[in-house]
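Next up, coords_21.tsv (TSV, C-alpha atoms):
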```tsv
chain	number	residue	atom	x	y	z
A	165	MET	CA	-26.91	-30.27	-7.93
A	166	GLN	CA	-23.67	-32.17	-7.50
A	167	PHE	CA	-25.39	-35.47	-8.27
A	168	ALA	CA	-27.14	-34.04	-11.34
A	169	ASP	CA	-23.81	-32.65	-12.52
A	170	PHE	CA	-22.14	-36.04	-11.97
A	171	LEU	CA	-24.95	-37.89	-13.73
A	172	SER	CA	-24.70	-35.71	-16.83
A	173	SER	CA	-20.93	-35.18	-17.01
A	174	ASP	CA	-19.09	-38.21	-15.66
A	175	PRO	CA	-18.30	-40.40	-18.70
A	176	GLN	CA	-19.11	-43.68	-16.92
A	177	ALA	CA	-22.37	-42.29	-15.49
A	178	VAL	CA	-23.41	-41.06	-18.94
A	179	LYS	CA	-22.52	-44.43	-20.51
A	180	THR	CA	-24.45	-46.33	-17.84
A	181	GLY	CA	-27.43	-44.02	-18.29
A	182	ILE	CA	-27.44	-44.55	-22.04
A	183	GLU	CA	-27.19	-48.33	-21.60
A	184	THR	CA	-30.22	-48.27	-19.29
A	185	GLY	CA	-32.34	-46.07	-21.56
A	186	LEU	CA	-31.63	-42.50	-20.45
A	187	TYR	CA	-30.94	-39.88	-23.06
A	188	PRO	CA	-28.01	-37.74	-21.82
A	189	ALA	CA	-28.50	-34.10	-20.95
A	190	SER	CA	-24.83	-33.36	-21.61
A	191	LYS	CA	-23.81	-32.42	-25.12
A	192	ALA	CA	-20.73	-34.66	-24.81
A	193	GLY	CA	-22.97	-37.58	-23.90
A	194	GLN	CA	-25.05	-37.01	-27.00
A	195	ASP	CA	-21.96	-37.91	-29.07
A	196	ASP	CA	-21.52	-41.27	-27.33
A	197	PRO	CA	-20.90	-43.99	-29.93
A	198	SER	CA	-23.85	-46.03	-28.65
A	199	LEU	CA	-26.13	-43.17	-29.72
A	200	THR	CA	-24.45	-42.23	-33.00
A	201	GLY	CA	-24.60	-45.66	-34.62
A	202	GLY	CA	-27.57	-47.42	-36.12
A	203	ASP	CA	-30.15	-48.80	-33.69
A	204	PRO	CA	-31.10	-52.43	-34.38
A	205	PHE	CA	-34.56	-51.90	-32.91
A	206	PHE	CA	-35.22	-49.24	-35.56
A	207	GLY	CA	-33.84	-51.26	-38.46
A	208	GLY	CA	-30.37	-49.71	-38.22
A	209	GLN	CA	-31.62	-46.13	-38.45
A	210	LYS	CA	-29.52	-43.51	-36.64
A	211	VAL	CA	-32.26	-42.31	-34.30
A	212	GLY	CA	-29.67	-40.72	-32.00
A	213	GLU	CA	-29.21	-38.05	-34.66
A	214	VAL	CA	-32.92	-37.22	-34.48
A	215	TYR	CA	-32.78	-37.03	-30.68
A	216	LYS	CA	-29.68	-34.82	-30.80
A	217	ALA	CA	-31.26	-32.45	-33.34
A	218	SER	CA	-34.42	-32.28	-31.23
A	219	ALA	CA	-32.46	-31.68	-28.02
A	220	ALA	CA	-30.70	-28.74	-29.69
A	221	GLN	CA	-34.10	-27.07	-30.17
A	222	VAL	CA	-35.02	-27.09	-26.47
A	223	PRO	CA	-34.72	-23.50	-25.20
A	224	SER	CA	-32.23	-23.07	-22.37
A	225	THR	CA	-34.66	-20.63	-20.76
A	226	TRP	CA	-37.37	-23.29	-20.29
A	227	THR	CA	-39.26	-23.13	-16.99
A	228	ASN	CA	-42.34	-24.92	-15.78
A	229	GLY	CA	-45.48	-22.86	-15.40
A	230	PRO	CA	-46.95	-21.99	-12.01
A	231	THR	CA	-49.51	-24.81	-12.21
A	232	PHE	CA	-47.30	-27.50	-13.75
A	233	GLN	CA	-47.85	-30.05	-10.98
A	234	GLN	CA	-51.62	-29.54	-11.09
A	235	VAL	CA	-51.66	-29.94	-14.88
A	236	GLU	CA	-49.59	-33.11	-14.71
A	237	SER	CA	-51.76	-34.59	-11.97
A	238	ASP	CA	-55.03	-33.65	-13.66
A	239	PHE	CA	-53.89	-34.99	-17.02
A	240	THR	CA	-52.77	-38.29	-15.49
A	241	GLY	CA	-56.19	-38.62	-13.88
A	242	ALA	CA	-58.08	-37.69	-17.05
A	243	ILE	CA	-56.31	-40.07	-19.42
A	244	GLY	CA	-58.38	-43.17	-20.03
A	245	GLN	CA	-61.59	-41.55	-18.81
A	246	GLY	CA	-62.78	-40.81	-22.34
A	247	THR	CA	-61.09	-39.58	-25.50
A	248	LEU	CA	-57.82	-37.68	-25.59
A	249	GLN	CA	-59.81	-34.58	-26.59
A	250	ASP	CA	-62.03	-35.06	-23.49
A	251	ALA	CA	-58.92	-35.23	-21.29
A	252	VAL	CA	-57.36	-32.13	-22.86
A	253	THR	CA	-60.61	-30.15	-22.54
A	254	LYS	CA	-61.01	-31.17	-18.89
A	255	VAL	CA	-57.41	-30.32	-18.03
A	256	GLN	CA	-57.59	-26.99	-19.84
A	257	ALA	CA	-60.62	-26.01	-17.76
A	258	SER	CA	-58.97	-27.00	-14.47
A	259	THR	CA	-55.74	-25.26	-15.47
A	260	VAL	CA	-57.47	-22.01	-16.40
A	261	ALA	CA	-59.29	-22.09	-13.05
A	262	ALA	CA	-56.03	-22.74	-11.16
A	263	ILE	CA	-54.21	-19.93	-12.98
A	264	LYS	CA	-57.03	-17.48	-12.27
A	265	LYS	CA	-57.05	-18.57	-8.62
A	266	LEU	CA	-53.41	-17.44	-8.47
A	267	GLY	CA	-54.53	-14.00	-9.63
A	268	LEU	CA	-53.03	-14.35	-13.09
A	269	SER	CA	-54.85	-13.50	-16.29
A	270	VAL	CA	-55.65	-16.01	-19.01
A	271	THR	CA	-55.98	-15.21	-22.70
A	272	ASN	CA	-58.01	-17.48	-25.01
A	273	GLY	CA	-58.84	-19.83	-22.13
```

Could you render the structure from this file as structure tokens?
Amino acid sequence: MQFADFLSSDPQAVKTGIETGLYPASKAGQDDPSLTGGDPFFGGQKVGEVYKASAAQVPSTWTNGPTFQQVESDFTGAIGQGTLQDAVTKVQASTVAAIKKLGLSVTNG
């Protein structure tokens, strides 16, 4: 926790993270000048504003579901083995089975 706090609150750590491609979790970091200006890669567009607006929509109550690791692993394995729809259908089936195995109910699955 101390390292995560440092990484998202220490000004130099936030700056270094931004310079190496990390989007800051801290609200103060989201106002860093390197994110608020135009991005040459995107033709000078201020994409940092889009990221900041999107980050503001992430609920603070977010939690991963009880089968998150299984879903992530199954999806990684399914990608490239057919169409995206095939992968999603396969992962949905394995996820529903895993949730039911935990004794939880599934609606519309």

Exercise for review: Could you give me, as a ChimeraX atom specification, the residues within 10 Å of A:Gln234, counting only C-alpha atoms and dropping anything in the same chain fewer than 2 positions from it?
Suggested key: /A:230-232,236-240,255,258-259,262

Could you give me the axis-aligned bounding box of stretch 242-249 of chain A, with 4 Å of padding per side, as centre plus edge lengths in Å to one decimal, as lines of an AutoDock Vina configuration file?
```
center_x = -59.5
center_y = -38.9
center_z = -21.8
size_x = 14.5
size_y = 16.6
size_z = 17.5
```

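With distances restricted to only C-alpha atoms, A:Pro188 is the closest residue to A:Gln176 from A:Pro188, A:Ser269, A:Ile243, A:Leu248.
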
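Atom CA of A:Tyr215 lies 25.6 Å from atom CA of A:Val235.
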
Check your understanding: So what do you get for atom CA of A:Val211 versus atom CA of A:Asp195, distance-wise?
Key -> 12.4 Å

Practice item. For atom CA of A:Gly201 and atom CA of A:Leu171, determine how far apart the two atoms are, in Å to one decimal place. Key: 22.3 Å
